[in-house]
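Engineer: I am attaching a structure below and will ask some questions about it afterwards.
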2 protein chains.
Amino acid sequence: MLNDYSKEDKVLLAVDCIIFGFDGEDLKILLIKRDFEPEKGKWSLIGGFLKKEENLDKAAIRILNHLTGLDNIYMEQLYTFSKVDRDPAERTISTAYYALIDIESHNNEFTNVETSKWFSLKNAPDLIFDHNRMVERAVSRLKYRTKTKPIGFELLPEKFTMLQLQNLYESILNEKLDKRNFTSKINALDILIKLKEKDMGSSKKGSYLYTFDAEKYNKKLKEGFVFKI
Amino acid sequence: MLNDYSKEDKVLLAVDCIIFGFDGEDLKILLIKRDFEPEKGKWSLIGGFLKKEENLDKAAIRILNHLTGLDNIYMEQLYTFSKVDRDPAERTISTAYYALIDIESHNNEFTNVETSKWFSLKNAPDLIFDHNRMVERAVSRLKYRTKTKPIGFELLPEKFTMLQLQNLYESILNEKLDKRNFTSKINALDILIKLKEKDMGSSKKGSYLYTFDAEKYNKKLKEGFVFKI
């Protein structure tokens with residue numbers, strides 16, 4: 001049985017942030033160009049190392065802010081990745097966090113526009129280490145989320161069209177959805193308020209704008225669409 | 001931007017295993033008596049430190065086997081706990097894993113029967129460090145699971161009564177359920193096969209035994225009880 005802490009192996013613990021954004025059309029992911037070895041010049045998730053005096057949640061916020069300028073983003077812990085040779089330089093374990101944001105409303109926070117960049121998830125470059133696997137796991141968490149909870153509040157602007165909401169679901173699920181079926185399923189969730197305003201940019205007769213009913217949305221978020229025994 | 005690994009803080013990374021068991025009546029948790037400082041003599045989850053040459057999944061299996069004798073248990077990663085002072089001896093991060101087992105069928109694997117012990121979750125002792133929080137998080141994961149996926153395959157013997165299954169759900173949800181309502185909800189899931197055999201131990205006229213329809217159970221497990229958009 002273990003009893004002497006000093007004999008145990010210590011490791012570097014990294015935190016990697018997976019930031020998903022939506023611009024009304026495409027699901028995007030925020031990446032940075034790595035400027036040190038190993039894998040210098042390749043694209044990477046937004047990562048750094050945990051410091052002794054902080055917990056993982058705080059490290060994630062600090063690293064994201066330091067490398068991109070993004071602030072006040074609520075990130076959720078996804079999973080801890082620990083493959084032995086995942087970082088060729090040294091034994092490093094990494095806890096991945098993820099967040100969903102509306103790109104437009106955070107645009108002016110970015111401080112490092114040369115090194116950090118939004119990529120459409122469909123056309124994202126190959127990433128360093130096991131970062132592709134991290135993204136895959138986050139995407140499957142998102143897919144599962146669309147099936148158990150409402151989604152969109154953090155990703156869409158305050159007012160949005162039904163088409164934008166459908167685009168969001170299609171981006172996450174990576175499949176085309178039938179418009180009529182989608183509209184009726186979403187309406188059945190009873191989380192939207194249809195506004196009198198229209199978005200006139202998309203077509204001649206315009207498209208009605210919607211907003212989330214915050215109270216109903218949050219109730220559904222808390223409960224989930226679940227089987228009650 | 002970070003670039004020199006040698007300047008970064010290293011930490012001890014622990015793994016703690018939360019093993020839930022079921023004996024037909026009560027949801028139980030496996031605990032061990034800690035035999036070293038700090039907190040010597042108190043009850044603890046089954047934990048140890050990650051070694052350089054293994055990943056977290058393997059560490060969890062090794063630690064569980066070493067401390068209890070349990071083998072071939074499928075554990076799922078739950079969450080990584082990182083509060084700065086969670087271990088007073090030294091900065092230690094811990095990744096918690098959890099598993100569900102049928103107590104009866106693993107009884108003969110136990111090697112350390114003096115130090116490891118099953119406790120009813122309702123009457124479990126206070127645990128060291130943040131282990132109570134770990135158990136809370138695992139229990140809420142279990143509760144959520146009962147609402148999105150079938151449960152019981154790993155926890156029940158091959159043949160079981162409807163009452164045992166109801167006891168399991170009641171233990172996890174920590175509430176009494178109406179028998180008629182429970183039976184009809186479970187039957188609606190269409191994952192059980194009713195056998196001709198009866199368990200004659202419980203009452204004079206006996207109780208029918210059931211078994212899971214593995215194919216249907218696994219299909220539901222994969223899909224979840226989800227909202228399809």
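Each chain in the structure tokens gets a letter, A, B, ..., in the order shown, and its residues are numbered from 1; ligands are numbered from 1 in order too.
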Excluding segment 12-15 of chain B and its own-chain neighbours fewer than 6 positions away, which residues fall within 6 Å of it when counting only C-alpha atoms? Please give them as a VMD selection string.

Structural biologist: (chain A and resid 10) or (chain B and resid 47 to 50 92 to 96)

Engineer: Considering only C-alpha atoms, state which residue in the set A:Leu45, A:Ile229, A:Met75, A:Leu70 is at the smallest distance from chain B.

Structural biologist: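 Closest to chain B of all the choices is A:Ile229.
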
Engineer: Quick one: of A:Lys179, A:Lys228, A:Lys196, A:Lys219, who's nearest to chain B, counting only C-alpha atoms?

Structural biologist: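 Looking at the shortest contact to chain B, the residue is A:Lys228.
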
Engineer: Only residues of chain B matter here; which ones have an atom within 6 Å of chain A, counting only C-alpha atoms? Give them as a list in words.

Structural biologist: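 Applying the cut-off to the listed atoms yields Asn3, Asp9, Lys10, Val11, Leu12, Phe36, Lys51, Asn55, Leu56, Ser82, Lys83, Val84, Lys147, Thr148, Val226 and Phe227 of chain B.
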
Engineer: Show me, as a PDB file with N, CA, C and O atoms, in the first residue's frame, the residues that have an atom within 8 Å of Ser44 of chain A when counting only C-alpha atoms, minus same-chain residues fewer than 2 positions from it.

Structural biologist:
```pdb
ATOM      1  N   LEU A  31      -8.550  27.970 -32.872  1.00  0.00           N
ATOM      2  CA  LEU A  31      -7.251  27.288 -32.787  1.00  0.00           C
ATOM      3  C   LEU A  31      -6.135  28.315 -32.730  1.00  0.00           C
ATOM      4  O   LEU A  31      -6.305  29.453 -33.167  1.00  0.00           O
ATOM      5  N   ILE A  32      -4.990  27.895 -32.183  1.00  0.00           N
ATOM      6  CA  ILE A  32      -3.832  28.790 -32.229  1.00  0.00           C
ATOM      7  C   ILE A  32      -2.652  28.076 -32.855  1.00  0.00           C
ATOM      8  O   ILE A  32      -2.537  26.861 -32.814  1.00  0.00           O
ATOM      9  N   LYS A  33      -1.791  28.912 -33.432  1.00  0.00           N
ATOM     10  CA  LYS A  33      -0.589  28.381 -34.047  1.00  0.00           C
ATOM     11  C   LYS A  33       0.456  28.253 -32.949  1.00  0.00           C
ATOM     12  O   LYS A  33       0.757  29.220 -32.255  1.00  0.00           O
ATOM     13  N   ARG A  34       0.983  27.062 -32.808  1.00  0.00           N
ATOM     14  CA  ARG A  34       1.955  26.804 -31.744  1.00  0.00           C
ATOM     15  C   ARG A  34       3.290  27.428 -32.112  1.00  0.00           C
ATOM     16  O   ARG A  34       3.815  27.164 -33.197  1.00  0.00           O
ATOM     17  N   LYS A  42       2.463  24.229 -36.012  1.00  0.00           N
ATOM     18  CA  LYS A  42       1.222  23.487 -36.270  1.00  0.00           C
ATOM     19  C   LYS A  42       0.070  24.094 -35.465  1.00  0.00           C
ATOM     20  O   LYS A  42       0.275  24.843 -34.505  1.00  0.00           O
ATOM     21  N   ILE A  46      -6.147  25.573 -27.431  1.00  0.00           N
ATOM     22  CA  ILE A  46      -5.589  26.643 -26.614  1.00  0.00           C
ATOM     23  C   ILE A  46      -5.176  26.040 -25.271  1.00  0.00           C
ATOM     24  O   ILE A  46      -6.020  25.731 -24.430  1.00  0.00           O
ATOM     25  N   GLY A  47      -3.874  25.830 -25.113  1.00  0.00           N
ATOM     26  CA  GLY A  47      -3.437  25.059 -23.954  1.00  0.00           C
ATOM     27  C   GLY A  47      -2.277  25.661 -23.199  1.00  0.00           C
ATOM     28  O   GLY A  47      -1.532  26.500 -23.724  1.00  0.00           O
ATOM     29  N   LEU A 127      -4.446  18.683 -36.018  1.00  0.00           N
ATOM     30  CA  LEU A 127      -3.924  19.316 -34.802  1.00  0.00           C
ATOM     31  C   LEU A 127      -2.768  18.528 -34.194  1.00  0.00           C
ATOM     32  O   LEU A 127      -2.580  17.343 -34.498  1.00  0.00           O
ATOM     33  N   ILE A 128      -2.031  19.174 -33.312  1.00  0.00           N
ATOM     34  CA  ILE A 128      -0.893  18.529 -32.645  1.00  0.00           C
ATOM     35  C   ILE A 128      -1.372  17.442 -31.674  1.00  0.00           C
ATOM     36  O   ILE A 128      -2.530  17.418 -31.271  1.00  0.00           O
ATOM     37  N   HIS A 131      -4.892  16.225 -29.899  1.00  0.00           N
ATOM     38  CA  HIS A 131      -5.935  17.255 -29.912  1.00  0.00           C
ATOM     39  C   HIS A 131      -7.095  16.930 -30.853  1.00  0.00           C
ATOM     40  O   HIS A 131      -8.224  17.347 -30.605  1.00  0.00           O
TER      41      HIS A 131
END
```

Engineer: Report, in Å to a single decimal, how far apart atom CA of Pro125 of chain A and atom CA of Ile29 of chain A are.

Structural biologist: 10.4 Å

Engineer: Could you tell me how far atom CA of Asn65 of chain B sits from atom CA of Ile101 of chain B, in Å to one decimal place?

Structural biologist: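 These two atoms are separated by 14.2 Å.
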
Engineer: What is the atom CA of Gly152 of chain A to atom CA of Arg180 of chain A distance in Å?

Structural biologist: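 Distance reported for this atom pair: 19.1 Å.
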
Engineer: Write out as an NGL selection string all residues of segment 32-177 of chain B that backbone DSSP assigns to helix (DSSP H, G or I).

Structural biologist: :B and (56-68 or 103-109 or 121-123 or 131-148 or 162-173)

Engineer: Skip segment 203-209 of chain B itself and residues of its chain fewer than 6 positions away, then list as JSON, numbers by chain all residues within 7 Å of it, counting only C-alpha atoms.

Structural biologist: {"B": [159, 160, 161, 194, 195, 196, 197]}

Engineer: Write out, as a PDB file, in the first residue's frame, the residues just selected, with C-alpha atoms.

Structural biologist:
```pdb
ATOM      1  CA  LYS B 159     -31.898 -13.588 -13.108  1.00  0.00           C
ATOM      2  CA  PHE B 160     -33.667 -11.133 -10.848  1.00  0.00           C
ATOM      3  CA  THR B 161     -37.125 -10.218  -9.606  1.00  0.00           C
ATOM      4  CA  LYS B 194     -39.950 -12.637 -18.244  1.00  0.00           C
ATOM      5  CA  LEU B 195     -38.880 -16.177 -17.369  1.00  0.00           C
ATOM      6  CA  LYS B 196     -41.093 -19.114 -16.440  1.00  0.00           C
ATOM      7  CA  GLU B 197     -39.067 -19.687 -13.279  1.00  0.00           C
TER       8      GLU B 197
END
```

Engineer: DSSP on the backbone: which residues in segment 36-209 of chain B end up as strand (DSSP E)? Give the answer as an MDAnalysis selection string.

Structural biologist: chainID B and resid 43:44 46:49 76:81 92:102 116:120 160:161 192:199 207:209

Engineer: What lies within 8 Å of segment 18-26 of chain A using only C-alpha atoms, ignoring chain neighbours under 3 positions off, as a PyMOL selection string?

Structural biologist: chain A and resi 29-30+45-46+96-104+118+120-121+135+138+155-156+164-165+167-168+171

Engineer: So, with only C-alpha atoms as the atoms that count, which of A:Glu76, A:Glu136, A:Glu114, A:Glu109 lies closest to Ile61 of chain A?

Structural biologist: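 Going through A:Glu76, A:Glu136, A:Glu114, A:Glu109 one by one, the smallest distance to Ile61 of chain A is for A:Glu76.
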
Engineer: Using only C-alpha atoms, can you tell me which of B:Gly69, B:Lys222, B:Asn174, B:Met162 comes closest to Thr115 of chain B?

Structural biologist: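 Distance minimum relative to Thr115 of chain B lands on B:Gly69.
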